[in-house]
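So this one's start_33.cif, mmCIF, C-alpha atoms:
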```cif
data_entry
#
loop_
_atom_site.group_PDB
_atom_site.id
_atom_site.type_symbol
_atom_site.label_atom_id
_atom_site.label_comp_id
_atom_site.auth_asym_id
_atom_site.auth_seq_id
_atom_site.Cartn_x
_atom_site.Cartn_y
_atom_site.Cartn_z
ATOM 1 C CA MET A 221 138.482 -71.560 67.556
ATOM 2 C CA ARG A 222 135.720 -73.982 66.626
ATOM 3 C CA ARG A 223 132.192 -72.756 65.943
ATOM 4 C CA VAL A 224 129.346 -75.270 66.173
ATOM 5 C CA ALA A 225 125.592 -74.786 65.853
ATOM 6 C CA ALA A 226 122.508 -76.709 66.929
ATOM 7 C CA HIS A 227 118.742 -76.422 67.091
ATOM 8 C CA GLU A 228 119.001 -75.823 70.827
ATOM 9 C CA VAL A 229 121.737 -74.830 73.281
ATOM 10 C CA ILE A 230 121.082 -75.320 76.988
ATOM 11 C CA ASP A 231 123.342 -73.284 79.274
ATOM 12 C CA GLY A 232 122.176 -73.546 82.872
ATOM 13 C CA ASP A 233 118.669 -72.066 82.987
ATOM 14 C CA LYS A 234 119.018 -70.429 79.532
ATOM 15 C CA VAL A 235 117.724 -72.158 76.424
ATOM 16 C CA LEU A 236 118.825 -70.699 73.097
ATOM 17 C CA ARG A 237 117.110 -71.700 69.850
ATOM 18 C CA GLN A 238 119.069 -71.942 66.569
ATOM 19 C CA ALA A 239 122.266 -71.158 68.423
ATOM 20 C CA VAL A 240 126.027 -71.116 67.981
ATOM 21 C CA VAL A 241 128.676 -72.123 70.514
ATOM 22 C CA GLU A 242 132.224 -70.834 70.071
ATOM 23 C CA ILE A 243 134.852 -73.124 71.613
ATOM 24 C CA GLN A 244 138.555 -72.519 72.208
ATOM 25 C CA GLY A 245 140.473 -75.588 73.338
ATOM 26 C CA ASP A 246 137.694 -77.308 75.286
ATOM 27 C CA GLN A 247 136.273 -74.109 76.845
ATOM 28 C CA VAL A 248 133.104 -72.330 75.707
ATOM 29 C CA LYS A 249 133.886 -68.701 74.891
ATOM 30 C CA LYS A 250 130.473 -67.543 73.670
ATOM 31 C CA CYS A 251 126.904 -68.765 72.981
ATOM 32 C CA TYR A 252 124.361 -66.846 70.908
ATOM 33 C CA GLU A 253 121.307 -67.244 68.684
ATOM 34 C CA PHE A 254 121.615 -66.688 64.941
ATOM 35 C CA SER A 255 119.232 -66.109 62.055
ATOM 36 C CA GLY A 256 121.371 -66.631 58.946
ATOM 37 C CA GLU A 257 124.214 -68.827 57.780
ATOM 38 C CA LEU A 258 127.583 -68.220 59.412
ATOM 39 C CA ALA A 259 130.881 -68.937 57.667
ATOM 40 C CA ARG A 260 133.035 -71.734 59.119
ATOM 41 C CA THR A 261 130.256 -73.043 61.354
ATOM 42 C CA GLU A 262 129.753 -76.791 61.829
ATOM 43 C CA TRP A 263 126.075 -77.777 62.080
ATOM 44 C CA LEU A 264 125.551 -80.537 64.652
ATOM 45 C CA GLY A 265 121.777 -80.312 65.024
ATOM 46 C CA GLY A 266 119.906 -81.533 68.071
ATOM 47 C CA THR A 267 120.953 -80.126 71.444
ATOM 48 C CA ILE A 268 124.267 -78.858 72.806
ATOM 49 C CA THR A 269 124.514 -78.691 76.600
ATOM 50 C CA VAL A 270 126.939 -76.310 78.305
ATOM 51 C CA GLU A 271 128.094 -77.370 81.789
ATOM 52 C CA PHE A 272 130.883 -75.740 83.813
ATOM 53 C CA GLY A 273 132.242 -73.927 80.746
ATOM 54 C CA LYS A 274 132.372 -77.047 78.548
ATOM 55 C CA ALA A 275 130.027 -78.041 75.721
ATOM 56 C CA TYR A 276 128.593 -81.518 75.102
ATOM 57 C CA HIS A 277 126.699 -82.973 72.142
ATOM 58 C CA LYS A 278 125.156 -86.420 72.538
ATOM 59 C CA GLY A 279 127.268 -86.881 75.687
ATOM 60 C CA LYS A 280 130.561 -86.180 73.915
ATOM 61 C CA LEU A 281 132.817 -83.281 74.940
ATOM 62 C CA LEU A 282 133.242 -80.757 72.131
ATOM 63 C CA ALA A 283 136.734 -79.327 71.635
ATOM 64 C CA GLU A 284 138.820 -77.723 68.887
#
```

What is this structure when it is put down as structure tokens?
Amino acid sequence: MRRVAAHEVIDGDKVLRQAVVEIQGDQVKKCYEFSGELARTEWLGGTITVEFGKAYHKGKLLAE
């Protein structure tokens, strides 16, 4: 599993601020907001967009 974080995560009509996306393979398993540092989390910054169960950052597909 890969855990990435960004200032903003857009998932359909939901916008999460300071949020984490958990990815297995190339599929999003979970998205949630956080308030403190999380172990083994990669900070990407900016915006992550979730479309059809896949996550993208700056147009690039995120995967494990």

Smallest atom-to-atom distance to Val224 in chain A: which of A:Ala259, A:Ala275, A:Leu264, A:Leu236, using all atoms listed in the file?
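Checking each of A:Ala259, A:Ala275, A:Leu264, A:Leu236 against Val224 in chain A, counting all atoms listed in the file, the winner is A:Leu264.
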
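The smallest atom-to-atom distance between Lys250 in chain A and any of A:Glu228, A:Val235, A:Gly266, A:Arg223, using all atoms listed in the file, is found for A:Arg223.
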
Given the PyMOL selection byres ((chain A and resi 245) around 9), the residues it picks as a ChimeraX atom specification:
/A:221-222,243-244,246-248,282-284

Store the residues picked out above, limited to C-alpha atoms, as a short mmCIF file (atom, residue, chain, number, x, y, z; two decimals), in the frame of the given file.
```
data_model
loop_
_atom_site.label_atom_id
_atom_site.label_comp_id
_atom_site.auth_asym_id
_atom_site.auth_seq_id
_atom_site.Cartn_x
_atom_site.Cartn_y
_atom_site.Cartn_z
CA MET A 221 138.48 -71.56 67.56
CA ARG A 222 135.72 -73.98 66.63
CA ILE A 243 134.85 -73.12 71.61
CA GLN A 244 138.56 -72.52 72.21
CA ASP A 246 137.69 -77.31 75.29
CA GLN A 247 136.27 -74.11 76.84
CA VAL A 248 133.10 -72.33 75.71
CA LEU A 282 133.24 -80.76 72.13
CA ALA A 283 136.73 -79.33 71.64
CA GLU A 284 138.82 -77.72 68.89
#
```

What does the distance from CA of Thr267 in chain A to CA of Lys249 in chain A come to in Å, to one decimal?
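Going from CA of Thr267 in chain A over to CA of Lys249 in chain A covers 17.6 Å.
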
In Å, rounded to a single decimal, give me how far CA of Ile268 in chain A is from CA of Val241 in chain A.
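Taking CA of Val241 in chain A and CA of Ile268 in chain A, their separation equals 8.4 Å.
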
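Coordinates place CA of Trp263 in chain A at a distance of 20.2 Å from CA of Lys234 in chain A.
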
Nearest residue to His277 in chain A from the set A:Leu258, A:Cys251, A:Ala239, A:Ala226 (distances using all atoms listed in the file)
A:Ala226

Pick from A:Asp231, A:Ala225, A:Lys274, A:Gly279 nearest to Phe254 in chain A, counting all atoms listed in the file
A:Ala225

Take the structure in the block and write a file for range 264-275 of chain A, all heavy atoms, as a PDB file, in the first residue's frame.
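Result file is decode33.pdb:
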```pdb
ATOM      1  N   LEU A 264       2.838  15.036  -1.364  1.00  0.00           N
ATOM      2  CA  LEU A 264       2.939  15.492  -2.751  1.00  0.00           C
ATOM      3  C   LEU A 264       2.584  16.963  -2.883  1.00  0.00           C
ATOM      4  O   LEU A 264       3.000  17.619  -3.828  1.00  0.00           O
ATOM      5  CB  LEU A 264       2.016  14.661  -3.654  1.00  0.00           C
ATOM      6  CG  LEU A 264       2.323  13.172  -3.730  1.00  0.00           C
ATOM      7  CD1 LEU A 264       1.324  12.471  -4.642  1.00  0.00           C
ATOM      8  CD2 LEU A 264       3.744  12.931  -4.203  1.00  0.00           C
ATOM      9  N   GLY A 265       1.769  17.482  -1.963  1.00  0.00           N
ATOM     10  CA  GLY A 265       1.345  18.869  -2.052  1.00  0.00           C
ATOM     11  C   GLY A 265       0.373  19.074  -3.202  1.00  0.00           C
ATOM     12  O   GLY A 265       0.025  18.145  -3.930  1.00  0.00           O
ATOM     13  N   GLY A 266      -0.104  20.283  -3.343  1.00  0.00           N
ATOM     14  CA  GLY A 266      -1.022  20.591  -4.440  1.00  0.00           C
ATOM     15  C   GLY A 266      -2.340  19.848  -4.332  1.00  0.00           C
ATOM     16  O   GLY A 266      -2.903  19.702  -3.255  1.00  0.00           O
ATOM     17  N   THR A 267      -2.803  19.314  -5.474  1.00  0.00           N
ATOM     18  CA  THR A 267      -4.105  18.660  -5.542  1.00  0.00           C
ATOM     19  C   THR A 267      -3.983  17.249  -6.127  1.00  0.00           C
ATOM     20  O   THR A 267      -3.295  17.046  -7.117  1.00  0.00           O
ATOM     21  CB  THR A 267      -5.062  19.479  -6.440  1.00  0.00           C
ATOM     22  OG1 THR A 267      -5.199  20.790  -5.875  1.00  0.00           O
ATOM     23  CG2 THR A 267      -6.435  18.828  -6.535  1.00  0.00           C
ATOM     24  N   ILE A 268      -4.656  16.313  -5.487  1.00  0.00           N
ATOM     25  CA  ILE A 268      -4.809  14.954  -6.010  1.00  0.00           C
ATOM     26  C   ILE A 268      -6.263  14.834  -6.443  1.00  0.00           C
ATOM     27  O   ILE A 268      -7.169  15.210  -5.698  1.00  0.00           O
ATOM     28  CB  ILE A 268      -4.484  13.884  -4.953  1.00  0.00           C
ATOM     29  CG1 ILE A 268      -3.003  13.957  -4.565  1.00  0.00           C
ATOM     30  CG2 ILE A 268      -4.837  12.487  -5.476  1.00  0.00           C
ATOM     31  CD1 ILE A 268      -2.627  13.073  -3.390  1.00  0.00           C
ATOM     32  N   THR A 269      -6.477  14.328  -7.654  1.00  0.00           N
ATOM     33  CA  THR A 269      -7.831  14.128  -8.174  1.00  0.00           C
ATOM     34  C   THR A 269      -8.106  12.631  -8.263  1.00  0.00           C
ATOM     35  O   THR A 269      -7.280  11.877  -8.774  1.00  0.00           O
ATOM     36  CB  THR A 269      -7.960  14.752  -9.575  1.00  0.00           C
ATOM     37  OG1 THR A 269      -7.587  16.134  -9.492  1.00  0.00           O
ATOM     38  CG2 THR A 269      -9.373  14.655 -10.093  1.00  0.00           C
ATOM     39  N   VAL A 270      -9.262  12.221  -7.737  1.00  0.00           N
ATOM     40  CA  VAL A 270      -9.666  10.821  -7.798  1.00  0.00           C
ATOM     41  C   VAL A 270     -10.771  10.696  -8.838  1.00  0.00           C
ATOM     42  O   VAL A 270     -11.778  11.394  -8.768  1.00  0.00           O
ATOM     43  CB  VAL A 270     -10.157  10.316  -6.421  1.00  0.00           C
ATOM     44  CG1 VAL A 270     -10.627   8.874  -6.528  1.00  0.00           C
ATOM     45  CG2 VAL A 270      -9.059  10.462  -5.374  1.00  0.00           C
ATOM     46  N   GLU A 271     -10.542   9.844  -9.838  1.00  0.00           N
ATOM     47  CA  GLU A 271     -11.516   9.615 -10.917  1.00  0.00           C
ATOM     48  C   GLU A 271     -11.629   8.118 -11.168  1.00  0.00           C
ATOM     49  O   GLU A 271     -10.618   7.456 -11.415  1.00  0.00           O
ATOM     50  CB  GLU A 271     -11.070  10.309 -12.205  1.00  0.00           C
ATOM     51  CG  GLU A 271     -10.968  11.810 -12.090  1.00  0.00           C
ATOM     52  CD  GLU A 271     -10.420  12.443 -13.363  1.00  0.00           C
ATOM     53  OE1 GLU A 271     -10.006  11.713 -14.289  1.00  0.00           O
ATOM     54  OE2 GLU A 271     -10.379  13.681 -13.415  1.00  0.00           O
ATOM     55  N   PHE A 272     -12.839   7.594 -11.100  1.00  0.00           N
ATOM     56  CA  PHE A 272     -13.100   6.180 -11.389  1.00  0.00           C
ATOM     57  C   PHE A 272     -12.191   5.240 -10.586  1.00  0.00           C
ATOM     58  O   PHE A 272     -11.666   4.263 -11.106  1.00  0.00           O
ATOM     59  CB  PHE A 272     -12.983   5.899 -12.888  1.00  0.00           C
ATOM     60  CG  PHE A 272     -13.873   6.761 -13.718  1.00  0.00           C
ATOM     61  CD1 PHE A 272     -13.346   7.792 -14.474  1.00  0.00           C
ATOM     62  CD2 PHE A 272     -15.248   6.564 -13.719  1.00  0.00           C
ATOM     63  CE1 PHE A 272     -14.177   8.615 -15.233  1.00  0.00           C
ATOM     64  CE2 PHE A 272     -16.078   7.379 -14.474  1.00  0.00           C
ATOM     65  CZ  PHE A 272     -15.542   8.408 -15.243  1.00  0.00           C
ATOM     66  N   GLY A 273     -11.971   5.591  -9.308  1.00  0.00           N
ATOM     67  CA  GLY A 273     -11.186   4.733  -8.425  1.00  0.00           C
ATOM     68  C   GLY A 273      -9.688   4.832  -8.586  1.00  0.00           C
ATOM     69  O   GLY A 273      -8.938   4.063  -7.995  1.00  0.00           O
ATOM     70  N   LYS A 274      -9.208   5.783  -9.394  1.00  0.00           N
ATOM     71  CA  LYS A 274      -7.773   5.991  -9.590  1.00  0.00           C
ATOM     72  C   LYS A 274      -7.411   7.418  -9.194  1.00  0.00           C
ATOM     73  O   LYS A 274      -8.220   8.328  -9.336  1.00  0.00           O
ATOM     74  CB  LYS A 274      -7.378   5.721 -11.033  1.00  0.00           C
ATOM     75  CG  LYS A 274      -7.649   4.271 -11.445  1.00  0.00           C
ATOM     76  CD  LYS A 274      -7.160   3.986 -12.835  1.00  0.00           C
ATOM     77  CE  LYS A 274      -7.562   2.608 -13.284  1.00  0.00           C
ATOM     78  NZ  LYS A 274      -6.716   1.560 -12.795  1.00  0.00           N
ATOM     79  N   ALA A 275      -6.196   7.600  -8.703  1.00  0.00           N
ATOM     80  CA  ALA A 275      -5.746   8.910  -8.231  1.00  0.00           C
ATOM     81  C   ALA A 275      -4.704   9.494  -9.187  1.00  0.00           C
ATOM     82  O   ALA A 275      -3.826   8.776  -9.687  1.00  0.00           O
ATOM     83  CB  ALA A 275      -5.154   8.791  -6.839  1.00  0.00           C
TER      84      ALA A 275
END
```
